[in-house]
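So this one's model_15.cif, mmCIF, C-alpha atoms:
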data_structure
loop_
_atom_site.label_atom_id
_atom_site.label_comp_id
_atom_site.auth_asym_id
_atom_site.auth_seq_id
_atom_site.Cartn_x
_atom_site.Cartn_y
_atom_site.Cartn_z
CA MET R 183 56.37 61.32 -88.95
CA GLU R 184 53.83 63.72 -87.58
CA THR R 185 51.13 62.20 -89.75
CA GLN R 186 51.75 58.74 -88.37
CA ASP R 187 51.60 59.89 -84.68
CA THR R 188 48.33 61.68 -85.20
CA GLN R 189 46.73 58.61 -86.69
CA ALA R 190 47.89 56.45 -83.79
CA LEU R 191 46.13 58.67 -81.25
CA GLU R 192 42.75 58.72 -82.94
CA PRO R 193 40.06 56.51 -81.32
CA VAL R 194 39.32 53.29 -83.03
CA PRO R 195 35.61 53.00 -83.88
CA GLN R 196 33.77 50.04 -82.11
CA PRO R 197 31.57 47.73 -84.13
CA ALA R 198 27.85 48.30 -83.82
CA GLN R 199 27.23 44.73 -82.54
CA GLU R 200 29.53 45.19 -79.50
CA LEU R 201 27.86 48.46 -78.57
CA ALA R 202 24.41 46.88 -78.68
CA ALA R 203 25.52 44.17 -76.23
CA LEU R 204 26.33 46.66 -73.45
CA PRO R 205 23.62 46.99 -70.71
CA VAL R 206 21.56 50.12 -70.89
CA PRO R 207 20.34 51.46 -67.52
CA THR R 208 16.59 51.66 -67.29
CA ALA R 209 14.33 53.37 -64.76
CA ALA R 210 12.53 51.22 -62.13
CA PRO R 211 8.92 50.48 -63.03
CA ALA R 212 6.39 52.67 -61.33
CA PRO R 213 4.28 50.90 -58.63
CA GLU R 214 0.83 49.95 -59.68
CA PRO R 215 -1.92 52.06 -58.12
CA VAL R 216 -3.68 50.45 -55.16
CA ALA R 217 -7.43 50.63 -55.03
CA GLU R 218 -8.92 52.40 -52.05
CA GLY R 219 -9.73 49.99 -49.22
CA GLU R 220 -7.54 47.19 -50.65
CA PRO R 221 -5.00 45.77 -48.12
CA VAL R 222 -1.42 46.55 -48.91
CA SER R 223 0.83 43.49 -48.87
CA ARG R 224 4.05 43.91 -46.92
CA PRO R 225 7.14 41.71 -46.92
CA ALA R 226 7.22 39.14 -44.09
CA ARG R 227 9.16 40.20 -41.01
CA ARG R 228 12.07 38.08 -39.87
CA ARG R 229 11.20 36.75 -36.43
CA GLY R 230 14.38 34.90 -35.57
CA ARG R 231 16.16 37.82 -33.98
CA THR R 232 13.11 38.96 -31.99
CA ALA R 233 12.50 35.43 -30.60
CA LEU R 234 16.15 35.17 -29.59
CA ILE R 235 15.97 38.48 -27.73
CA VAL R 236 12.81 37.40 -25.85
CA ALA R 237 14.34 34.03 -24.87
CA ALA R 238 17.52 35.69 -23.66
CA ALA R 239 15.49 38.15 -21.57
CA ALA R 240 13.54 35.27 -19.97
CA VAL R 241 16.74 33.43 -19.04
CA ILE R 242 18.27 36.58 -17.60
CA GLY R 243 15.09 37.22 -15.58
CA LEU R 244 15.06 33.67 -14.18
CA VAL R 245 18.72 33.76 -13.20
CA GLY R 246 18.35 37.22 -11.72
CA GLY R 247 15.27 36.23 -9.71
CA THR R 248 17.02 33.14 -8.33
CA ALA R 249 20.06 35.19 -7.35
CA VAL R 250 17.88 37.75 -5.59
CA GLY R 251 16.01 34.96 -3.74
CA TYR R 252 19.23 33.42 -2.48
CA GLY R 253 20.48 36.84 -1.48
CA VAL R 254 17.34 37.56 0.56
CA GLN R 255 17.50 34.15 2.26
CA ALA R 256 21.21 34.58 3.04
CA ASP R 257 20.57 37.93 4.75
CA ARG R 258 17.93 36.47 7.09
CA GLU R 259 18.72 35.19 10.54
CA PRO R 260 18.81 31.35 10.66
CA THR R 261 15.78 29.71 12.24
CA PRO R 262 16.87 27.71 15.31
CA LEU R 263 16.03 23.98 15.18
CA PRO R 264 14.42 22.18 18.12
CA ALA R 265 16.76 20.40 20.47
CA LEU R 266 17.49 16.76 19.67
CA SER R 267 17.34 15.78 23.32
CA ARG R 268 15.88 17.14 26.49
CA ALA R 269 18.02 17.94 29.45
CA ASP R 270 15.28 17.16 31.99
CA VAL R 271 13.74 13.73 31.52
CA ALA R 272 10.38 13.20 33.20
CA TYR R 273 11.58 10.61 35.71
CA PRO R 274 11.52 10.93 39.47
CA ALA R 275 14.77 12.28 40.86
CA LYS R 276 14.96 9.42 43.36
CA PRO R 277 13.41 5.92 43.40
CA LEU R 278 10.16 5.68 45.30
CA PRO R 279 10.33 4.09 48.72
CA GLU R 280 9.26 0.47 48.98
CA ASN R 281 5.95 1.28 50.67
CA LYS R 282 4.92 3.65 47.84
CA ARG R 283 5.86 1.51 44.84
CA PRO R 284 2.94 -0.05 42.93
CA ALA R 285 2.56 -3.77 43.33
CA PRO R 286 3.65 -5.82 40.30
CA LEU R 287 0.92 -7.35 38.17
CA SER R 288 -0.04 -10.88 38.88
CA ALA R 289 0.33 -13.58 36.24
CA GLY R 290 -3.41 -13.40 35.67
CA GLU R 291 -3.32 -9.63 35.11
CA ASP R 292 -0.12 -9.41 33.06
CA ARG R 293 -1.17 -10.30 29.52
CA LYS R 294 2.45 -10.49 28.39
CA VAL R 295 3.17 -13.24 30.90
CA LYS R 296 0.23 -15.19 29.52
CA THR R 297 1.15 -14.92 25.87
CA ASP R 298 4.89 -15.48 26.36
CA GLY R 299 4.25 -18.86 27.91
CA ASP R 300 2.92 -22.00 26.26
CA LEU R 301 0.48 -20.54 23.76
CA ARG R 302 -1.37 -23.85 23.46
CA ARG R 303 -2.67 -23.43 27.01
CA LEU R 304 -4.73 -20.45 25.88
CA LEU R 305 -6.67 -22.55 23.38
CA LEU R 306 -10.15 -23.74 24.25
CA ALA R 307 -10.37 -27.37 25.27
CA LYS R 308 -12.40 -29.70 23.09
CA PRO R 309 -15.99 -30.17 24.26
CA SER R 310 -17.03 -33.27 26.11
CA GLY R 311 -17.71 -36.13 23.71
CA ALA R 312 -15.75 -34.54 20.83
CA ARG R 313 -12.84 -36.32 19.17
CA LYS R 314 -9.57 -34.47 18.84
CA THR R 315 -8.08 -34.41 15.35
CA ASP R 316 -4.72 -33.23 14.04
CA MET R 317 -6.04 -32.43 10.58
CA TRP R 318 -6.19 -28.70 11.34
CA SER R 319 -4.01 -28.44 14.42
CA GLY R 320 -0.65 -29.79 13.28
CA ASP R 321 1.79 -31.77 15.36
CA ALA R 322 1.17 -31.49 19.11
CA GLY R 323 -0.79 -28.28 18.66
CA TRP R 324 1.89 -26.32 16.82
CA VAL R 325 1.61 -25.25 13.16
CA ASP R 326 4.62 -23.93 11.22
CA THR R 327 4.13 -20.94 8.93
CA ALA R 328 4.56 -22.97 5.73
CA SER R 329 1.70 -25.28 6.79
CA TYR R 330 -0.51 -22.44 8.05
CA VAL R 331 -0.52 -20.63 4.68
CA LEU R 332 -1.81 -23.76 2.88
CA VAL R 333 -5.36 -22.84 3.88
CA PHE R 334 -5.13 -19.58 1.87
CA GLU R 335 -5.66 -19.25 -1.87
CA SER R 336 -2.41 -17.32 -2.53
CA GLU R 337 0.05 -19.28 -0.43
CA ALA R 338 3.25 -17.54 -1.58
CA TYR R 339 1.80 -14.05 -1.07
CA MET R 340 0.47 -14.90 2.39
CA PHE R 341 3.77 -16.47 3.45
CA GLU R 342 5.70 -13.35 2.40
CA THR R 343 3.18 -11.05 4.11
CA LEU R 344 3.30 -12.94 7.39
CA VAL R 345 7.09 -13.03 7.44
CA GLU R 346 7.26 -9.28 6.78
CA SER R 347 4.80 -8.77 9.66
CA ASP R 348 7.12 -10.72 12.02
CA ILE R 349 4.96 -13.75 12.63
CA ARG R 350 6.18 -15.58 15.72
CA ARG R 351 4.26 -18.85 16.05
CA VAL R 352 0.89 -20.53 15.52
CA ALA R 353 -0.91 -22.72 18.05
CA ALA R 354 -4.00 -24.64 16.98
CA VAL R 355 -6.57 -27.17 18.14
CA ALA R 356 -9.23 -29.08 16.20
CA TRP R 357 -12.00 -31.51 17.08
CA GLN R 358 -14.86 -33.37 15.44
CA GLN R 359 -18.39 -33.87 16.72
CA GLY R 360 -20.67 -36.48 15.24
CA GLU R 361 -19.97 -37.65 11.71
CA PHE R 362 -19.34 -34.37 9.89
CA LYS R 363 -19.15 -31.37 12.23
CA LYS R 364 -15.56 -30.11 12.55
CA THR R 365 -14.16 -27.14 14.45
CA ASN R 366 -10.69 -25.60 14.45
CA ILE R 367 -9.13 -22.67 16.31
CA ARG R 368 -5.82 -21.02 15.48
CA LEU R 369 -3.92 -18.50 17.59
CA VAL R 370 -1.53 -16.65 15.27
CA GLN R 371 1.00 -14.74 17.35
CA PHE R 372 3.21 -11.90 16.07
CA ARG R 373 6.06 -9.99 17.65
CA SER R 374 3.89 -6.88 17.84
CA GLY R 375 0.23 -6.00 18.13
CA GLU R 376 0.46 -4.20 14.80
CA GLY R 377 1.22 -7.43 12.95
CA ALA R 378 -1.74 -9.19 14.56
CA ARG R 379 -4.08 -6.30 13.78
CA ASP R 380 -2.98 -6.13 10.15
CA HIS R 381 -3.54 -9.86 9.67
CA ALA R 382 -7.01 -9.69 11.23
CA GLU R 383 -8.04 -6.64 9.20
CA GLY R 384 -6.72 -8.22 6.02
CA GLN R 385 -9.01 -11.21 6.55
CA HIS R 386 -11.97 -8.97 7.38
CA ASP R 387 -11.46 -6.94 4.21
CA TYR R 388 -11.83 -9.81 1.77
CA MET R 389 -14.73 -11.59 3.48
CA PRO R 390 -17.66 -9.59 1.96
CA GLU R 391 -16.74 -9.75 -1.74
CA ALA R 392 -14.01 -12.32 -2.35
CA GLU R 393 -14.96 -15.46 -4.23
CA ASP R 394 -14.08 -17.69 -1.29
CA GLY R 395 -15.34 -15.19 1.30
CA ALA R 396 -18.54 -15.22 3.29
CA GLY R 397 -20.32 -12.79 0.99
CA ASN R 398 -21.46 -10.52 3.82
CA GLU R 399 -20.18 -8.00 6.35
CA GLY R 400 -20.69 -10.32 9.31
CA ASP R 401 -21.62 -9.26 12.85
CA ALA R 402 -19.51 -7.47 15.45
CA LEU R 403 -18.10 -9.56 18.27
CA LYS R 404 -18.77 -7.61 21.45
CA GLY R 405 -15.83 -6.91 23.72
CA SER R 406 -13.22 -7.67 21.06
CA GLY R 407 -12.71 -4.24 19.50
CA ASN R 408 -12.28 -5.42 15.91
CA GLY R 409 -13.77 -8.92 15.99
CA ARG R 410 -16.51 -10.17 13.63
CA TYR R 411 -18.19 -13.50 12.95
CA TYR R 412 -19.64 -14.69 9.65
CA LEU R 413 -22.00 -17.28 8.22
CA TYR R 414 -21.11 -18.45 4.71
CA LYS R 415 -23.57 -19.28 1.96
CA VAL R 416 -24.21 -22.99 1.72
CA HIS R 417 -22.00 -24.75 -0.82
CA GLU R 418 -23.95 -27.31 -2.83
CA LYS R 419 -22.68 -29.67 -5.51
CA ALA R 420 -24.44 -32.54 -7.26
CA GLY R 421 -23.60 -35.86 -5.67
CA TYR R 422 -22.28 -34.29 -2.43
CA LEU R 423 -23.78 -33.29 0.88
CA PRO R 424 -24.29 -29.54 1.40
CA LEU R 425 -21.43 -27.78 3.17
CA TYR R 426 -22.08 -25.06 5.75
CA ARG R 427 -19.37 -22.88 7.26
CA ALA R 428 -19.05 -20.25 9.99
CA ARG R 429 -15.97 -18.19 10.83
CA ALA R 430 -14.87 -15.72 13.53
CA ILE R 431 -11.85 -13.40 13.35
CA PHE R 432 -10.52 -11.05 16.01
CA GLN R 433 -7.29 -9.67 17.45
CA ARG R 434 -6.21 -9.44 21.06
CA GLY R 435 -2.83 -7.86 21.73
CA ASP R 436 -0.21 -9.61 19.61
CA ILE R 437 -2.49 -12.57 18.78
CA MET R 438 -4.87 -12.92 15.85
CA VAL R 439 -7.60 -15.54 16.41
CA ASP R 440 -9.19 -17.50 13.55
CA ILE R 441 -12.09 -19.89 14.33
CA ASN R 442 -13.91 -22.09 11.79
CA ILE R 443 -16.87 -24.47 12.01
CA PHE R 444 -17.80 -26.86 9.14
CA ASP R 445 -20.91 -29.03 9.02
CA THR R 446 -23.38 -30.61 6.63
CA LYS R 447 -26.18 -29.08 8.67
CA ARG R 448 -27.05 -25.42 9.12
CA ILE R 449 -24.87 -23.56 11.65
CA SER R 450 -26.50 -20.87 13.77
CA LYS R 451 -24.97 -17.50 14.60
CA SER R 452 -25.08 -18.31 18.29
CA ASP R 453 -22.82 -21.36 17.72
CA ILE R 454 -19.94 -19.39 16.25
CA ARG R 455 -20.51 -16.33 18.47
CA THR R 456 -20.47 -18.35 21.70
CA LEU R 457 -17.30 -20.16 20.66
CA ALA R 458 -15.56 -16.87 19.81
CA GLU R 459 -16.62 -15.24 23.10
CA ARG R 460 -15.26 -18.15 25.10
CA GLN R 461 -11.92 -18.01 23.28
CA LEU R 462 -11.77 -14.24 23.80
CA GLU R 463 -12.18 -14.75 27.54
CA ARG R 464 -9.24 -17.13 27.55
CA LEU R 465 -7.01 -14.35 26.21
#
Would you mind writing the file's structure down as structure tokens?
Amino acid sequence: METQDTQALEPVPQPAQELAALPVPTAAPAPEPVAEGEPVSRPARRRGRTALIVAAAAVIGLVGGTAVGYGVQADREPTPLPALSRADVAYPAKPLPENKRPAPLSAGEDRKVKTDGDLRRLLLAKPSGARKTDMWSGDAGWVDTASYVLVFESEAYMFETLVESDIRRVAAVAWQQGEFKKTNIRLVQFRSGEGARDHAEGQHDYMPEAEDGAGNEGDALKGSGNGRYYLYKVHEKAGYLPLYRARAIFQRGDIMVDINIFDTKRISKSDIRTLAERQLERL
């Protein structure tokens, strides 16, 4: 019995093949020597964490700066705003006595009385010997806006512009002298002087360079403020008589004035200037 127990406790020898399969620990290889002056390569650094820290710091700085700015503004005394109305209006405390009140303007001096009446009365009368024509003057001297814009190249644009500028009405007169000379005058009235000025300046602006313009800067009309008169280049076409044209444009109060002369003969500057000066005097 003792012999059997002793044999059971003895270690069983392992086969040589199984022992060879077990891993044998080996020492790490020694680093290769680096030549003097040769750069030493280092493993790349991980930048993700550093970039995250920098971004977080920037956000914190922005939020902190904003909070400090609001805090400083909140601690300041509010700046008082100017009053919306004045308690003392610059009017006399009592009406002036009758003997000290200024006399009212006469109808001749009050421009508003003139222009609020029959606008056709402010048009120049046709010269002696001239024949009146409705070709450019419309029915009984009045021209509706839709008919007035027909003389412009971009009719729809001009109609919209005039309506936005609060056009009020258009009075016109036209006459013919001899066989071919024709003259027309239009008084284009707006509900404000600004509308009349804008319309006049718009026509002045395109005159020097536009295809259907005069091709020049024109000459100033004295006494009108913003008036100018122009002589166009002669228009010649085979089989037709030459066409000459002169035009004057100016603004007076809430009225824009547009004067045109057409002829097959040369038109002088004095012809259009004199006509414009006479119409200016009427206003």
Mind telling me what the PyMOL selection byres ((chain R and resi 431) around 10) catches here, as a ChimeraX atom specification?
/R:368,381-383,385-386,402-403,406,408-412,429-430,432-433,438-442,458
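Atom pair CA of Ala428 in chain R / CA of Thr456 in chain R: separated by 11.9 Å.
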Expressed in Å to a single decimal, how great is the separation between CA of Arg427 in chain R and CA of Pro309 in chain R?
18.8 Å
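Put simply, CA of Leu332 in chain R is 21.3 Å away from CA of Pro390 in chain R.
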Evaluate the PyMOL selection byres ((chain R and resi 448) around 9) on the structure here and hand back the selected residues as a VMD selection string.
chain R and resid 416 425 to 427 445 to 447 449 to 450
Which residues are close to Arg303 in chain R, i.e. within 12 Å by all atoms listed in the file, leaving aside same-chain residues fewer than 2 positions away? Reply as a compact mmCIF listing (two decimals) with C-alpha atoms, in the coordinates of the input.
# COMPACT_ATOMS: atom_id res chain seq x y z
CA LYS R 296 0.23 -15.19 29.52
CA THR R 297 1.15 -14.92 25.87
CA ASP R 298 4.89 -15.48 26.36
CA GLY R 299 4.25 -18.86 27.91
CA ASP R 300 2.92 -22.00 26.26
CA LEU R 301 0.48 -20.54 23.76
CA LEU R 305 -6.67 -22.55 23.38
CA LEU R 306 -10.15 -23.74 24.25
CA ALA R 307 -10.37 -27.37 25.27
CA ALA R 322 1.17 -31.49 19.11
CA GLY R 323 -0.79 -28.28 18.66
CA TRP R 324 1.89 -26.32 16.82
CA ALA R 353 -0.91 -22.72 18.05
CA ALA R 354 -4.00 -24.64 16.98
CA VAL R 355 -6.57 -27.17 18.14
CA LEU R 369 -3.92 -18.50 17.59
CA GLN R 461 -11.92 -18.01 23.28
CA ARG R 464 -9.24 -17.13 27.55
CA LEU R 465 -7.01 -14.35 26.21
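Distance annotation: of R:Pro277, R:Glu335, R:Arg350, R:Trp357, the residue with the minimal separation from Gly395 in chain R is R:Glu335; atom set is only C-alpha atoms.
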One residue among R:Thr343, R:Ser310, R:Ser452, R:Thr315 is nearest to Asn366 in chain R when using all atoms listed in the file, and that residue is R:Thr315
Evaluate the PyMOL selection byres ((chain R and resi 398) around 9) on the structure here and hand back the selected residues as a PyMOL selection string.
chain R and resi 389-391+395-397+399-400+412-414
Of the candidates R:Ala285, R:Arg351, R:Ser329, R:Ala356, which one gets nearest to Lys314 in chain R if we count only C-alpha atoms?
R:Ala356
If we count all atoms listed in the file and set the cut-off at 12 Å, which residues sit around range 344-347 of chain R, ignoring sequence neighbours fewer than 5 positions away in its own chain? Please answer as JSON, numbers by chain.
{"R": [326, 327, 328, 330, 331, 337, 338, 339, 352, 370, 371, 372, 373, 374, 375, 376, 377, 378, 379, 380, 381, 382, 384, 436, 438]}
Let me know the centre plus edge lengths, in Å and rounded to one decimal, of a box with edges along x, y and z that contains all listed atoms of range 322-335 of chain R and is padded by 6 Å on every side, as JSON.
{"center_x": -0.5, "center_y": -25.4, "center_z": 8.6, "size_x": 22.3, "size_y": 24.2, "size_z": 33.0}
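Distances from R:Leu266, R:Glu342, R:Lys364, R:Gln359 to Ala312 in chain R were compared using all atoms listed in the file, and the smallest one belongs to R:Gln359.
Here the question is which of R:Phe362, R:Gly407, R:Leu304, R:Tyr388 gets nearest to Pro424 in chain R using all atoms listed in the file, and that residue is R:Phe362.
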Atoms are missing here; could range 370-383 of chain R be completed with N, CA and C atoms and written as a PDB file, in the frame of the given file?
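Now in selection27.pdb:
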ATOM      1  N   VAL R 370      -2.676 -17.072  16.073  1.00  0.00           N
ATOM      2  CA  VAL R 370      -1.530 -16.650  15.270  1.00  0.00           C
ATOM      3  C   VAL R 370      -0.862 -15.488  15.990  1.00  0.00           C
ATOM      4  N   GLN R 371       0.322 -15.753  16.536  1.00  0.00           N
ATOM      5  CA  GLN R 371       1.000 -14.740  17.350  1.00  0.00           C
ATOM      6  C   GLN R 371       2.106 -14.054  16.547  1.00  0.00           C
ATOM      7  N   PHE R 372       2.181 -12.717  16.724  1.00  0.00           N
ATOM      8  CA  PHE R 372       3.210 -11.900  16.070  1.00  0.00           C
ATOM      9  C   PHE R 372       4.098 -11.276  17.141  1.00  0.00           C
ATOM     10  N   ARG R 373       5.143 -10.635  16.698  1.00  0.00           N
ATOM     11  CA  ARG R 373       6.060  -9.990  17.650  1.00  0.00           C
ATOM     12  C   ARG R 373       5.582  -8.594  18.036  1.00  0.00           C
ATOM     13  N   SER R 374       4.471  -8.164  17.476  1.00  0.00           N
ATOM     14  CA  SER R 374       3.890  -6.880  17.840  1.00  0.00           C
ATOM     15  C   SER R 374       2.381  -6.943  17.635  1.00  0.00           C
ATOM     16  N   GLY R 375       1.674  -6.067  18.328  1.00  0.00           N
ATOM     17  CA  GLY R 375       0.230  -6.000  18.130  1.00  0.00           C
ATOM     18  C   GLY R 375      -0.143  -5.497  16.750  1.00  0.00           C
ATOM     19  N   GLU R 376       0.745  -4.725  16.132  1.00  0.00           N
ATOM     20  CA  GLU R 376       0.460  -4.200  14.800  1.00  0.00           C
ATOM     21  C   GLU R 376       0.366  -5.324  13.777  1.00  0.00           C
ATOM     22  N   GLY R 377       1.261  -6.298  13.870  1.00  0.00           N
ATOM     23  CA  GLY R 377       1.220  -7.430  12.950  1.00  0.00           C
ATOM     24  C   GLY R 377      -0.064  -8.230  13.089  1.00  0.00           C
ATOM     25  N   ALA R 378      -0.498  -8.457  14.324  1.00  0.00           N
ATOM     26  CA  ALA R 378      -1.740  -9.190  14.560  1.00  0.00           C
ATOM     27  C   ALA R 378      -2.947  -8.426  14.050  1.00  0.00           C
ATOM     28  N   ARG R 379      -2.957  -7.122  14.258  1.00  0.00           N
ATOM     29  CA  ARG R 379      -4.080  -6.300  13.780  1.00  0.00           C
ATOM     30  C   ARG R 379      -4.148  -6.290  12.266  1.00  0.00           C
ATOM     31  N   ASP R 380      -2.998  -6.150  11.614  1.00  0.00           N
ATOM     32  CA  ASP R 380      -2.980  -6.130  10.150  1.00  0.00           C
ATOM     33  C   ASP R 380      -3.480  -7.447   9.570  1.00  0.00           C
ATOM     34  N   HIS R 381      -3.096  -8.555  10.173  1.00  0.00           N
ATOM     35  CA  HIS R 381      -3.540  -9.860   9.670  1.00  0.00           C
ATOM     36  C   HIS R 381      -5.046 -10.022   9.846  1.00  0.00           C
ATOM     37  N   ALA R 382      -5.566  -9.595  10.984  1.00  0.00           N
ATOM     38  CA  ALA R 382      -7.010  -9.690  11.230  1.00  0.00           C
ATOM     39  C   ALA R 382      -7.783  -8.786  10.258  1.00  0.00           C
ATOM     40  N   GLU R 383      -7.333  -7.560  10.094  1.00  0.00           N
ATOM     41  CA  GLU R 383      -8.040  -6.640   9.200  1.00  0.00           C
ATOM     42  C   GLU R 383      -7.956  -7.105   7.749  1.00  0.00           C
TER      43      GLU R 383
END
